[in-house]
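Colleague: My structure is stored as query06.txt, with compact mmCIF, C-alpha atoms and all ligand atoms.
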# COMPACT_ATOMS: atom_id res chain seq x y z
CA MET E 1 -19.12 -13.84 -16.32
CA LEU E 2 -18.46 -11.18 -13.68
CA SER E 3 -17.03 -7.97 -15.10
CA ILE E 4 -14.82 -5.98 -12.75
CA LEU E 5 -13.39 -2.56 -13.48
CA THR E 6 -10.34 -2.05 -11.26
CA VAL E 7 -8.88 1.39 -10.52
CA ILE E 8 -5.20 1.63 -9.58
CA GLY E 9 -2.74 4.50 -9.80
CA ALA E 10 -0.12 4.58 -7.04
CA ARG E 11 2.76 2.26 -6.09
CA PRO E 12 1.14 0.33 -3.22
CA GLN E 13 -1.87 -0.38 -5.45
CA PHE E 14 0.30 -2.08 -8.05
CA VAL E 15 1.55 -4.49 -5.38
CA LYS E 16 -2.01 -5.25 -4.22
CA ALA E 17 -3.41 -5.55 -7.76
CA ALA E 18 -0.57 -7.90 -8.69
CA VAL E 19 -2.22 -10.54 -6.50
CA ILE E 20 -5.81 -10.21 -7.70
CA SER E 21 -5.25 -9.24 -11.34
CA ARG E 22 -2.95 -12.24 -11.82
CA LEU E 23 -5.44 -14.51 -10.10
CA ILE E 24 -8.32 -13.34 -12.27
CA ARG E 25 -6.32 -14.31 -15.36
CA SER E 26 -5.33 -17.74 -13.96
CA SER E 27 -6.92 -20.94 -15.29
CA SER E 28 -9.19 -21.08 -12.21
CA TYR E 29 -10.91 -17.77 -12.92
CA GLN E 30 -10.31 -16.61 -16.49
CA TRP E 31 -13.66 -18.01 -17.71
CA LYS E 32 -15.58 -16.64 -14.76
CA VAL E 33 -14.22 -13.13 -14.26
CA HIS E 34 -13.24 -10.40 -16.71
CA GLU E 35 -11.20 -7.46 -15.47
CA TYR E 36 -10.82 -4.07 -17.15
CA LEU E 37 -7.76 -2.48 -15.55
CA VAL E 38 -7.63 1.32 -15.30
CA HIS E 39 -4.36 3.07 -14.32
CA THR E 40 -5.11 6.66 -13.37
CA GLY E 41 -1.49 7.69 -13.98
CA GLN E 42 -1.13 9.14 -10.46
CA HIS E 43 2.36 7.56 -10.35
CA TYR E 44 4.20 7.62 -13.66
CA ASP E 45 8.01 7.43 -13.27
CA ASP E 46 9.38 4.10 -14.48
CA ASN E 47 10.57 3.21 -10.97
CA MET E 48 7.23 4.23 -9.39
CA SER E 49 5.00 2.41 -11.88
CA ALA E 50 6.18 0.46 -14.96
CA VAL E 51 8.81 -1.56 -13.06
CA PHE E 52 6.04 -3.17 -10.99
CA PHE E 53 4.08 -4.21 -14.08
CA ARG E 54 7.21 -5.74 -15.65
CA GLU E 55 8.52 -7.58 -12.61
CA MET E 56 5.27 -8.72 -11.05
CA GLU E 57 3.59 -9.72 -14.32
CA ILE E 58 0.69 -7.39 -13.70
CA PRO E 59 -1.38 -7.25 -16.88
CA GLU E 60 -0.94 -4.11 -18.97
CA PRO E 61 -3.64 -1.62 -18.00
CA ASP E 62 -6.48 -1.46 -20.54
CA ILE E 63 -6.23 2.30 -20.25
CA ASN E 64 -3.86 4.78 -18.60
CA LEU E 65 -5.62 8.07 -17.88
CA GLN E 66 -2.25 9.84 -17.48
CA ILE E 67 -3.56 12.23 -14.82
CA GLY E 68 -0.09 12.78 -13.32
CA SER E 69 0.70 14.99 -10.32
CA GLY E 70 -1.21 17.99 -9.01
CA THR E 71 -3.00 19.36 -6.00
CA HIS E 72 -5.57 17.05 -4.41
CA GLY E 73 -8.47 18.86 -6.06
CA VAL E 74 -6.92 19.04 -9.52
CA MET E 75 -5.79 15.41 -9.45
CA THR E 76 -8.95 13.93 -7.97
CA GLY E 77 -11.22 16.09 -10.14
CA ALA E 78 -9.45 15.05 -13.34
CA MET E 79 -9.62 11.39 -12.30
CA LEU E 80 -13.31 11.68 -11.53
CA THR E 81 -14.11 13.11 -14.96
CA GLU E 82 -12.13 10.45 -16.79
CA LEU E 83 -13.21 7.52 -14.63
CA GLU E 84 -16.87 8.42 -15.03
CA ARG E 85 -16.44 8.41 -18.82
CA VAL E 86 -14.67 5.02 -18.79
CA MET E 87 -17.21 3.46 -16.42
CA ILE E 88 -20.13 4.64 -18.57
CA GLU E 89 -18.42 3.09 -21.62
CA GLN E 90 -17.43 -0.17 -19.96
CA LYS E 91 -20.59 -0.78 -17.87
CA PRO E 92 -18.84 -3.08 -15.36
CA ASP E 93 -20.84 -5.13 -12.83
CA VAL E 94 -18.62 -3.83 -10.01
CA VAL E 95 -15.74 -1.40 -9.46
CA LEU E 96 -12.77 -2.53 -7.36
CA VAL E 97 -10.57 -0.06 -5.47
CA TYR E 98 -7.61 -0.59 -3.15
CA GLY E 99 -6.40 1.26 -0.10
CA ASP E 100 -6.55 4.99 0.47
CA THR E 101 -5.00 7.09 -2.29
CA ASN E 102 -6.62 9.80 -4.39
CA SER E 103 -7.12 7.14 -7.09
CA THR E 104 -9.13 5.11 -4.54
CA LEU E 105 -11.33 8.08 -3.69
CA ALA E 106 -11.97 9.00 -7.33
CA GLY E 107 -12.73 5.39 -8.28
CA ALA E 108 -15.18 4.90 -5.41
CA LEU E 109 -16.93 8.23 -5.98
CA ALA E 110 -17.27 7.87 -9.76
CA ALA E 111 -18.72 4.34 -9.41
CA SER E 112 -21.03 5.19 -6.54
CA LYS E 113 -22.61 8.10 -8.42
CA LEU E 114 -23.25 5.75 -11.34
CA HIS E 115 -24.81 3.21 -8.93
CA ILE E 116 -22.14 0.63 -9.67
CA PRO E 117 -21.33 -1.45 -6.55
CA VAL E 118 -17.96 -0.50 -5.08
CA ILE E 119 -15.64 -3.19 -3.72
CA HIS E 120 -13.05 -1.86 -1.27
CA VAL E 121 -10.00 -4.01 -0.63
CA GLU E 122 -8.15 -2.89 2.52
CA ALA E 123 -11.31 -1.51 4.12
CA GLY E 124 -11.81 -0.40 7.71
CA LEU E 125 -8.34 0.90 8.47
CA ARG E 126 -8.17 4.07 10.54
CA SER E 127 -5.39 6.28 11.87
CA PHE E 128 -7.91 8.52 13.68
CA MET E 129 -6.14 11.52 12.17
CA MET E 130 -8.59 13.20 9.84
CA ALA E 131 -5.92 15.64 8.61
CA MET E 132 -4.28 12.78 6.71
CA PRO E 133 -5.37 12.64 3.05
CA GLU E 134 -5.35 8.85 3.33
CA GLU E 135 -7.79 8.89 6.28
CA GLN E 136 -10.23 11.09 4.35
CA ASN E 137 -9.96 8.88 1.27
CA ARG E 138 -10.46 5.59 3.07
CA ILE E 139 -13.41 6.77 5.18
CA ILE E 140 -15.25 8.04 2.10
CA ALA E 141 -14.39 4.87 0.15
CA ASP E 142 -15.76 2.72 2.98
CA ARG E 143 -18.98 4.76 3.23
CA LEU E 144 -19.60 4.41 -0.50
CA SER E 145 -18.70 0.72 -0.76
CA THR E 146 -21.01 -2.27 -1.05
CA VAL E 147 -18.46 -4.98 -0.23
CA LEU E 148 -15.67 -4.26 2.24
CA PHE E 149 -12.70 -6.63 2.56
CA CYS E 150 -10.93 -5.97 5.85
CA PRO E 151 -7.34 -7.14 6.28
CA THR E 152 -7.43 -7.25 10.09
CA VAL E 153 -9.74 -7.74 13.05
CA ALA E 154 -8.98 -4.13 14.10
CA ALA E 155 -10.41 -2.96 10.76
CA ILE E 156 -13.64 -4.92 11.36
CA ARG E 157 -13.91 -3.29 14.81
CA ASN E 158 -13.33 0.19 13.37
CA LEU E 159 -16.22 -0.28 10.97
CA GLU E 160 -18.46 -1.53 13.78
CA HIS E 161 -17.67 1.62 15.75
CA GLU E 162 -18.83 3.65 12.76
CA GLY E 163 -22.11 1.76 12.59
CA ILE E 164 -21.10 -0.63 9.79
CA PRO E 165 -21.82 -4.10 11.20
CA ASN E 166 -19.76 -7.19 10.49
CA ALA E 167 -22.54 -8.71 8.35
CA GLN E 168 -22.78 -10.58 5.06
CA PRO E 169 -26.22 -10.02 3.51
CA THR E 170 -26.86 -12.13 0.38
CA SER E 171 -27.76 -9.10 -1.75
CA PRO E 172 -25.53 -6.35 -0.34
CA SER E 173 -25.85 -2.69 -1.25
CA ALA E 174 -24.15 0.54 -0.21
CA ASP E 175 -26.76 0.76 2.59
CA GLN E 176 -26.60 -2.92 3.62
CA LYS E 177 -22.94 -3.57 3.25
CA ALA E 178 -21.17 -6.94 3.19
CA VAL E 179 -18.09 -6.92 5.43
CA PHE E 180 -15.50 -9.72 5.31
CA LEU E 181 -12.29 -10.47 7.18
CA SER E 182 -10.19 -11.42 4.16
CA GLY E 183 -6.60 -11.19 5.37
CA ASP E 184 -4.14 -8.93 3.60
CA VAL E 185 -3.27 -9.25 -0.09
CA MET E 186 0.11 -7.70 0.72
CA LEU E 187 1.00 -10.87 2.63
CA ASP E 188 -0.02 -12.93 -0.42
CA ALA E 189 2.25 -10.72 -2.56
CA SER E 190 5.18 -10.93 -0.17
CA LEU E 191 5.01 -14.74 0.05
CA TYR E 192 4.53 -15.31 -3.68
CA TYR E 193 7.09 -12.85 -5.03
CA ARG E 194 9.86 -13.70 -2.60
CA GLN E 195 9.97 -17.11 -4.32
CA GLN E 196 10.11 -15.43 -7.75
CA GLN E 197 12.77 -13.01 -6.56
CA LYS E 198 15.12 -15.84 -5.57
CA ALA E 199 15.51 -16.70 -9.27
CA MET E 200 16.44 -13.12 -10.17
CA PRO E 201 19.98 -11.70 -10.22
CA LEU E 202 20.69 -8.85 -7.79
CA SER E 203 21.39 -5.47 -9.33
CA ALA E 204 25.07 -4.46 -9.04
CA THR E 205 24.27 -1.38 -6.92
CA LEU E 206 22.25 -3.41 -4.46
CA ALA E 207 24.75 -6.27 -4.27
CA SER E 208 27.54 -3.98 -3.07
CA LEU E 209 25.30 -2.00 -0.71
CA ILE E 210 23.94 -5.01 1.17
CA GLU E 211 27.33 -6.62 1.83
CA ARG E 212 27.54 -4.99 5.28
CA PRO E 213 24.79 -4.82 7.95
CA PHE E 214 22.40 -1.94 7.34
CA TYR E 215 18.95 -0.75 8.19
CA LEU E 216 16.28 0.25 5.70
CA VAL E 217 14.50 3.61 5.69
CA THR E 218 11.59 4.92 3.61
CA LEU E 219 10.03 8.36 4.05
CA HIS E 220 7.33 9.97 1.96
CA ARG E 221 4.06 10.54 3.83
CA ALA E 222 2.53 14.02 3.52
CA GLU E 223 2.22 14.40 7.30
CA ASN E 224 6.05 14.35 7.44
CA THR E 225 7.18 15.76 4.11
CA ASP E 226 4.70 18.66 4.03
CA ASP E 227 5.75 19.81 7.50
CA PRO E 228 9.21 21.47 7.36
CA MET E 229 9.79 20.95 11.10
CA ARG E 230 8.95 17.26 11.01
CA VAL E 231 11.02 16.45 7.97
CA ALA E 232 14.02 18.39 9.33
CA THR E 233 13.74 16.61 12.69
CA ILE E 234 13.65 13.19 11.06
CA VAL E 235 16.65 13.93 8.83
CA LYS E 236 18.61 15.25 11.82
CA ALA E 237 17.87 12.18 13.95
CA LEU E 238 18.81 9.75 11.15
CA ASN E 239 22.02 11.71 10.55
CA GLU E 240 22.92 11.58 14.22
CA PHE E 241 22.66 7.79 14.65
CA ASP E 242 25.58 6.46 12.60
CA ALA E 243 26.18 3.12 14.34
CA ILE E 244 25.23 1.22 11.17
CA PRO E 245 24.72 2.32 7.57
CA VAL E 246 21.30 3.10 6.14
CA ILE E 247 19.85 2.31 2.73
CA LEU E 248 17.15 4.80 1.79
CA PRO E 249 15.25 4.39 -1.50
CA LEU E 250 13.88 7.90 -1.73
CA HIS E 251 10.38 8.76 -2.97
CA PRO E 252 10.47 11.61 -5.56
CA ARG E 253 8.19 13.70 -3.34
CA THR E 254 10.74 13.61 -0.51
CA ARG E 255 13.69 14.20 -2.83
CA LYS E 256 12.07 17.43 -4.06
CA ILE E 257 11.23 18.64 -0.56
CA LEU E 258 14.70 17.94 0.82
CA ALA E 259 16.22 19.92 -2.05
CA GLN E 260 13.81 22.82 -1.45
CA GLN E 261 14.65 22.88 2.26
CA GLY E 262 18.39 22.41 1.67
CA LEU E 263 18.42 19.29 3.87
CA GLU E 264 21.18 16.73 3.35
CA PHE E 265 21.83 13.25 4.64
CA ALA E 266 25.09 12.26 6.37
CA ALA E 267 27.60 9.95 4.70
CA HIS E 268 26.35 6.77 6.44
CA ILE E 269 22.97 7.16 4.71
CA HIS E 270 22.99 5.73 1.18
CA VAL E 271 20.22 7.45 -0.72
CA ILE E 272 19.14 5.56 -3.83
CA ASP E 273 16.27 5.98 -6.30
CA PRO E 274 13.03 4.13 -5.57
CA VAL E 275 13.56 0.43 -6.22
CA GLY E 276 11.36 -2.20 -7.83
CA TYR E 277 9.44 -4.67 -5.66
CA PHE E 278 12.03 -7.46 -6.05
CA ASP E 279 14.87 -5.23 -4.83
CA MET E 280 12.63 -4.03 -2.01
CA LEU E 281 12.05 -7.63 -0.93
CA VAL E 282 15.83 -8.15 -0.84
CA LEU E 283 16.32 -5.00 1.25
CA GLU E 284 13.57 -6.04 3.68
CA ASP E 285 15.00 -9.55 3.93
CA ARG E 286 18.62 -8.49 4.47
CA CYS E 287 18.23 -5.41 6.67
CA GLN E 288 18.67 -5.44 10.45
CA PHE E 289 15.47 -3.46 10.98
CA VAL E 290 13.19 -0.96 9.25
CA VAL E 291 12.44 2.73 9.84
CA THR E 292 9.51 4.03 7.81
CA ASP E 293 6.38 6.14 7.55
CA SER E 294 4.93 3.88 4.83
CA GLY E 295 1.82 1.85 5.54
CA GLY E 296 2.83 -1.15 3.46
CA VAL E 297 6.45 -1.25 4.57
CA GLN E 298 5.44 -1.49 8.27
CA LYS E 299 3.76 -4.80 7.48
CA GLU E 300 6.42 -6.05 5.13
CA ALA E 301 9.00 -5.59 7.91
CA TYR E 302 6.89 -7.96 10.01
CA PHE E 303 6.48 -10.41 7.09
CA PHE E 304 10.29 -10.69 7.18
CA ASP E 305 10.40 -10.87 11.00
CA LYS E 306 12.07 -7.47 11.21
CA PRO E 307 11.35 -4.91 13.92
CA CYS E 308 10.06 -1.57 12.70
CA ILE E 309 10.30 2.00 13.95
CA THR E 310 7.45 4.06 12.53
CA LEU E 311 7.93 7.78 11.92
CA ARG E 312 4.29 8.58 12.60
CA ASP E 313 2.11 9.54 15.57
CA SER E 314 -0.41 6.76 14.92
CA THR E 315 -0.74 3.72 12.71
CA GLU E 316 -3.59 1.87 11.02
CA TRP E 317 -1.65 -1.35 11.65
CA ILE E 318 -2.10 -1.15 15.40
CA GLU E 319 -1.73 -4.91 15.95
CA LEU E 320 1.97 -4.61 15.08
CA VAL E 321 2.41 -2.19 17.97
CA GLN E 322 0.31 -4.36 20.29
CA HIS E 323 2.39 -7.46 19.52
CA GLY E 324 5.71 -5.68 19.96
CA TRP E 325 6.88 -5.48 16.32
CA ASN E 326 6.43 -1.78 15.79
CA THR E 327 7.45 1.30 17.80
CA LEU E 328 5.73 4.59 17.04
CA VAL E 329 8.13 7.51 17.38
CA GLY E 330 6.45 10.28 15.38
CA ALA E 331 8.91 12.97 14.33
CA ASN E 332 10.41 13.37 17.79
CA THR E 333 14.23 13.39 17.92
CA GLU E 334 14.50 11.84 21.38
CA LYS E 335 12.03 9.08 20.62
CA ILE E 336 13.65 8.29 17.27
CA LEU E 337 17.14 8.13 18.76
CA ALA E 338 16.00 6.11 21.78
CA ALA E 339 14.30 3.57 19.52
CA LEU E 340 17.32 3.36 17.20
CA GLN E 341 19.72 2.91 20.10
CA SER E 342 17.66 0.16 21.74
CA MET E 343 17.04 -1.76 18.50
CA PRO E 344 16.32 -4.47 17.58
CA ARG E 345 13.26 -5.64 19.50
CA TYR E 346 11.34 -8.59 18.18
CA GLY E 347 7.64 -9.11 18.78
CA GLU E 348 5.49 -12.14 19.42
CA SER E 349 4.96 -14.85 16.84
CA VAL E 350 1.34 -14.39 15.74
CA GLN E 351 -0.66 -14.62 12.51
CA LEU E 352 -2.07 -11.12 11.98
CA TYR E 353 -2.77 -10.82 8.25
CA GLY E 354 -4.37 -14.09 7.20
CA ASP E 355 -2.88 -17.19 5.62
CA GLY E 356 -1.48 -15.76 2.38
CA HIS E 357 -4.65 -16.58 0.40
CA ALA E 358 -6.58 -13.33 0.78
CA GLY E 359 -6.66 -12.94 -3.02
CA GLU E 360 -8.48 -16.25 -3.59
CA PHE E 361 -10.94 -15.43 -0.82
CA ILE E 362 -11.72 -12.03 -2.34
CA VAL E 363 -12.22 -13.27 -5.92
CA GLN E 364 -14.32 -16.28 -4.86
CA THR E 365 -16.47 -14.13 -2.56
CA LEU E 366 -17.14 -11.65 -5.37
CA LEU E 367 -18.18 -14.53 -7.63
CA ASP E 368 -20.49 -15.91 -4.94
CA ILE E 369 -22.18 -12.52 -4.53
CA PHE E 370 -22.26 -11.11 -8.06
CA ALA E 371 -21.68 -13.86 -10.65
CA LYS E 372 -24.21 -13.92 -13.43
CA GLU E 373 -24.90 -16.63 -15.99
CA GLY E 374 -23.33 -16.34 -19.46
C1 LIG B 401 0.49 8.78 -2.71
C2 LIG B 401 -0.64 8.52 -1.71
C3 LIG B 401 -0.06 7.95 -0.43
C4 LIG B 401 0.81 6.74 -0.71
C5 LIG B 401 1.84 7.05 -1.79
C6 LIG B 401 2.55 5.78 -2.18
C7 LIG B 401 -2.47 10.14 -1.97
C8 LIG B 401 -3.16 11.30 -1.37
N1 LIG B 401 -1.33 9.75 -1.37
O1 LIG B 401 1.33 9.76 -2.12
O2 LIG B 401 -1.11 7.56 0.45
O3 LIG B 401 1.46 6.37 0.47
O4 LIG B 401 1.18 7.59 -2.94
O5 LIG B 401 3.80 6.00 -2.70
O6 LIG B 401 -2.94 9.59 -2.95
N2 LIG B 401 6.03 12.13 -8.11
C9 LIG B 401 6.95 11.96 -9.08
N3 LIG B 401 6.83 10.84 -9.87
C10 LIG B 401 5.84 9.93 -9.73
C11 LIG B 401 4.89 10.14 -8.73
C12 LIG B 401 5.00 11.25 -7.91
O7 LIG B 401 7.88 12.74 -9.25
O8 LIG B 401 5.80 8.93 -10.49
C13 LIG B 401 6.17 13.32 -7.23
C14 LIG B 401 5.46 14.57 -7.76
O9 LIG B 401 6.22 15.68 -7.42
C15 LIG B 401 4.19 14.57 -6.95
C16 LIG B 401 4.65 14.00 -5.61
O10 LIG B 401 5.61 13.02 -5.95
O11 LIG B 401 3.64 15.85 -6.83
C17 LIG B 401 3.55 13.39 -4.79
O12 LIG B 401 2.83 12.41 -5.55
P1 LIG B 401 1.32 12.07 -5.17
O13 LIG B 401 0.86 10.97 -6.05
O14 LIG B 401 0.52 13.31 -5.13
O15 LIG B 401 1.40 11.60 -3.68
P2 LIG B 401 2.37 10.55 -2.97
O16 LIG B 401 3.22 11.30 -2.00
O17 LIG B 401 3.05 9.71 -3.98
N1 LIG B 402 8.19 -0.18 -2.40
C1 LIG B 402 9.02 -0.52 -3.45
N2 LIG B 402 10.11 0.25 -3.68
C2 LIG B 402 10.42 1.34 -2.93
C3 LIG B 402 9.56 1.67 -1.85
C4 LIG B 402 8.45 0.91 -1.62
O1 LIG B 402 8.78 -1.52 -4.14
O2 LIG B 402 11.43 2.00 -3.22
C5 LIG B 402 6.98 -1.00 -2.15
C6 LIG B 402 6.90 -1.57 -0.76
O3 LIG B 402 7.66 -2.76 -0.70
C7 LIG B 402 5.42 -1.78 -0.61
C8 LIG B 402 4.81 -0.63 -1.36
O4 LIG B 402 5.84 -0.17 -2.26
O5 LIG B 402 4.99 -2.99 -1.20
C9 LIG B 402 4.44 0.43 -0.38
O6 LIG B 402 4.22 1.61 -1.03
P1 LIG B 402 4.49 3.02 -0.37
O7 LIG B 402 5.39 2.93 0.79
O8 LIG B 402 4.86 3.91 -1.49
O9 LIG B 402 3.00 3.44 0.05
P2 LIG B 402 2.11 3.21 1.36
O10 LIG B 402 2.09 1.77 1.67
O11 LIG B 402 2.70 4.06 2.44
O12 LIG B 402 0.79 3.76 0.96
Could you render the structure as structure tokens?

Modeller:
Amino acid sequence: MLSILTVIGARPQFVKAAVISRLIRSSSYQWKVHEYLVHTGQHYDDNMSAVFFREMEIPEPDINLQIGSGTHGVMTGAMLTELERVMIEQKPDVVLVYGDTNSTLAGALAASKLHIPVIHVEAGLRSFMMAMPEEQNRIIADRLSTVLFCPTVAAIRNLEHEGIPNAQPTSPSADQKAVFLSGDVMLDASLYYRQQQKAMPLSATLASLIERPFYLVTLHRAENTDDPMRVATIVKALNEFDAIPVILPLHPRTRKILAQQGLEFAAHIHVIDPVGYFDMLVLEDRCQFVVTDSGGVQKEAYFFDKPCITLRDSTEWIELVQHGWNTLVGANTEKILAALQSMPRYGESVQLYGDGHAGEFIVQTLLDIFAKEG
């Protein structure tokens, strides 16, 4: 039996864990793998956390550390203290972390110091902007990891450039890492849950909003929201382009910052609270196109064959730009408006994120490497 301690804490990690945590408890794996699920509590509002567990049938976390919000140091420090305690108690064979949040960093660091092999799902991604908290978190997580599951070929190349070869030693360690091209668990999630969603009734708010053509916006990344100029520029550009209505499920971080700055959206922009994953799938399916600074939403636009305008200066998902699905506009009014006015542009039909079975590949590979008798 392989014992995995998984650390999650923020919204995109619930979507990723939904794939693997469900799989581990399926009849194929429940006798081979045991998972102890730790929620750091980084995200805690019902619509930022619990809704995902309910809808996506993610197992209840074994423990919620209830760390909550704070500065990077306060949050990550508190997580580190608590995660170390839980890992010492649980003695897992491996620790699994996803993506690039502060929960990822704390999970990888706590495990590494205890000499527990770290598994990083969504390894190798780079924006080449070290000022981003996510870039710092993912680089450190990759350096500390023993097994790195890369979603894309670009991620494999990024690791090679940093001296981490695309190799699969039989007994990997943090010094001799195993690197795999796994595909992206977010594609698995999108394919699986869109079938589940079809059986669900639409919420009344959403049903009336999606009657007419609209485009979907999300906005929350620190590089935009923590920079008053950037956030004001983005709001102004979105307000100016009123050719079709917008639906904007607003992250609580952005809501607070807009209120502090006294920024308001024009009438054609329908601001709603963050939505659950099923409603998000409906919005992505029914929209004309997507405008976002989210990492995950850039890819989900492509999963639904929707063009995307990305409110960032660079992206980790560079293949979407290369194949014509994504336009990077930063927080530049002219570029945003030009992209909006010339929309939609569709890219090439290519398979960029695997075959929708990244989860199975990851779990089976971990068993092949680490499984013990008994
Ligand atoms: C975090 C991740 C980011 C990811 C995002 C997903 C880090 C450094 N950043 O950013 O990479 O894209 O999650 O959504 O880990 N808040 C609430 N309720 C909640 C959660 C947050 O009100 O349930 C508010 C608080 O004011 C908090 C702020 O949002 O201070 C920011 O939350 P935080 O978890 O620090 O960062 P995110 O912006 O969510
Ligand atoms: N998401 C959601 N409801 C929302 C906004 C996003 O369910 O109101 C989902 C989205 O579909 C994707 C994930 O949350 O699966 C992405 O998380 P987010 O944009 O918060 O973080 P990022 O990917 O930028 O780290």

Colleague: Quick one: 3 Å padding each side, axis-aligned, all listed atoms of region 344-348 of chain E - centre and edge lengths in Å to one decimal, as JSON?

Modeller:
{"center_x": 10.9, "center_y": -8.3, "center_z": 18.5, "size_x": 16.8, "size_y": 13.7, "size_z": 7.9}

Colleague: How far is it from CA of Leu125 (chain E) to CA of Glu316 (chain E), in Å with one decimal?

Modeller: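 The value is 5.5 Å.
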
Colleague: Within 6 Å of ligand LIG 402 (chain B), which residues show up when you count all atoms listed in the file? List them as an MDAnalysis selection string, please.

Modeller: chainID E and resid 11:12 15 249 274:277 280 294:297

Colleague: Quick one: everything within 12 Å of Ala358 (chain E), counting only C-alpha atoms, minus sequence neighbours fewer than 2 positions away in the same chain. Send it as number ranges by chain.

Modeller: E: 16-17, 19-20, 23, 121-122, 149-152, 180-189, 191, 353-356, 360-365

Colleague: All residues within 7 Å of ligand LIG 401 (chain B) are required, counting only C-alpha atoms and all ligand atoms; please report them as a list of chain:residue names.

Modeller: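 These are the residues that qualify: E:Ala10, E:Arg11, E:Pro12, E:Gln42, E:His43, E:Tyr44, E:Asp45, E:Met48, E:Ser49, E:Ser69, E:Gly70, E:His72, E:Asp100, E:Thr101, E:Asn102, E:Ser103, E:Pro133, E:Glu134, E:His220, E:Arg221, E:Ala222, E:Pro252, E:Arg253, E:Lys256, E:Ser294, E:Gly295.
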
Colleague: Just C-alpha atoms for this one: save the residues we selected as a PDB file, keeping the file's coordinate frame.

Modeller:
ATOM      1  CA  ALA E  10      -0.120   4.580  -7.040  1.00  0.00           C
ATOM      2  CA  ARG E  11       2.760   2.260  -6.090  1.00  0.00           C
ATOM      3  CA  PRO E  12       1.140   0.330  -3.220  1.00  0.00           C
ATOM      4  CA  GLN E  42      -1.130   9.140 -10.460  1.00  0.00           C
ATOM      5  CA  HIS E  43       2.360   7.560 -10.350  1.00  0.00           C
ATOM      6  CA  TYR E  44       4.200   7.620 -13.660  1.00  0.00           C
ATOM      7  CA  ASP E  45       8.010   7.430 -13.270  1.00  0.00           C
ATOM      8  CA  MET E  48       7.230   4.230  -9.390  1.00  0.00           C
ATOM      9  CA  SER E  49       5.000   2.410 -11.880  1.00  0.00           C
ATOM     10  CA  SER E  69       0.700  14.990 -10.320  1.00  0.00           C
ATOM     11  CA  GLY E  70      -1.210  17.990  -9.010  1.00  0.00           C
ATOM     12  CA  HIS E  72      -5.570  17.050  -4.410  1.00  0.00           C
ATOM     13  CA  ASP E 100      -6.550   4.990   0.470  1.00  0.00           C
ATOM     14  CA  THR E 101      -5.000   7.090  -2.290  1.00  0.00           C
ATOM     15  CA  ASN E 102      -6.620   9.800  -4.390  1.00  0.00           C
ATOM     16  CA  SER E 103      -7.120   7.140  -7.090  1.00  0.00           C
ATOM     17  CA  PRO E 133      -5.370  12.640   3.050  1.00  0.00           C
ATOM     18  CA  GLU E 134      -5.350   8.850   3.330  1.00  0.00           C
ATOM     19  CA  HIS E 220       7.330   9.970   1.960  1.00  0.00           C
ATOM     20  CA  ARG E 221       4.060  10.540   3.830  1.00  0.00           C
ATOM     21  CA  ALA E 222       2.530  14.020   3.520  1.00  0.00           C
ATOM     22  CA  PRO E 252      10.470  11.610  -5.560  1.00  0.00           C
ATOM     23  CA  ARG E 253       8.190  13.700  -3.340  1.00  0.00           C
ATOM     24  CA  LYS E 256      12.070  17.430  -4.060  1.00  0.00           C
ATOM     25  CA  SER E 294       4.930   3.880   4.830  1.00  0.00           C
ATOM     26  CA  GLY E 295       1.820   1.850   5.540  1.00  0.00           C
TER      27      GLY E 295
END

Colleague: If I take CA of Ser171 (chain E) and CA of Ile140 (chain E), how far is one from the other in Å, to one decimal?

Modeller: 21.6 Å

Colleague: If we count all atoms listed in the file, what is near region 259-263 of chain E at a cut-off of 8 Å, once residues fewer than 4 positions away on the same chain are taken out, given as a PDB file with C-alpha atoms, in the frame of the given file?

Modeller:
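Output file result-v5.pdb is given in full below:
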ATOM      1  CA  PRO E 228       9.210  21.470   7.360  1.00  0.00           C
ATOM      2  CA  ALA E 232      14.020  18.390   9.330  1.00  0.00           C
ATOM      3  CA  VAL E 235      16.650  13.930   8.830  1.00  0.00           C
ATOM      4  CA  ARG E 255      13.690  14.200  -2.830  1.00  0.00           C
TER       5      ARG E 255
END

Colleague: For Ala154 (chain E), find every residue with an atom within 8 Å (counting all atoms listed in the file), except residues of its own chain fewer than 3 positions away, and show them as a count of residues only.

Modeller: 6
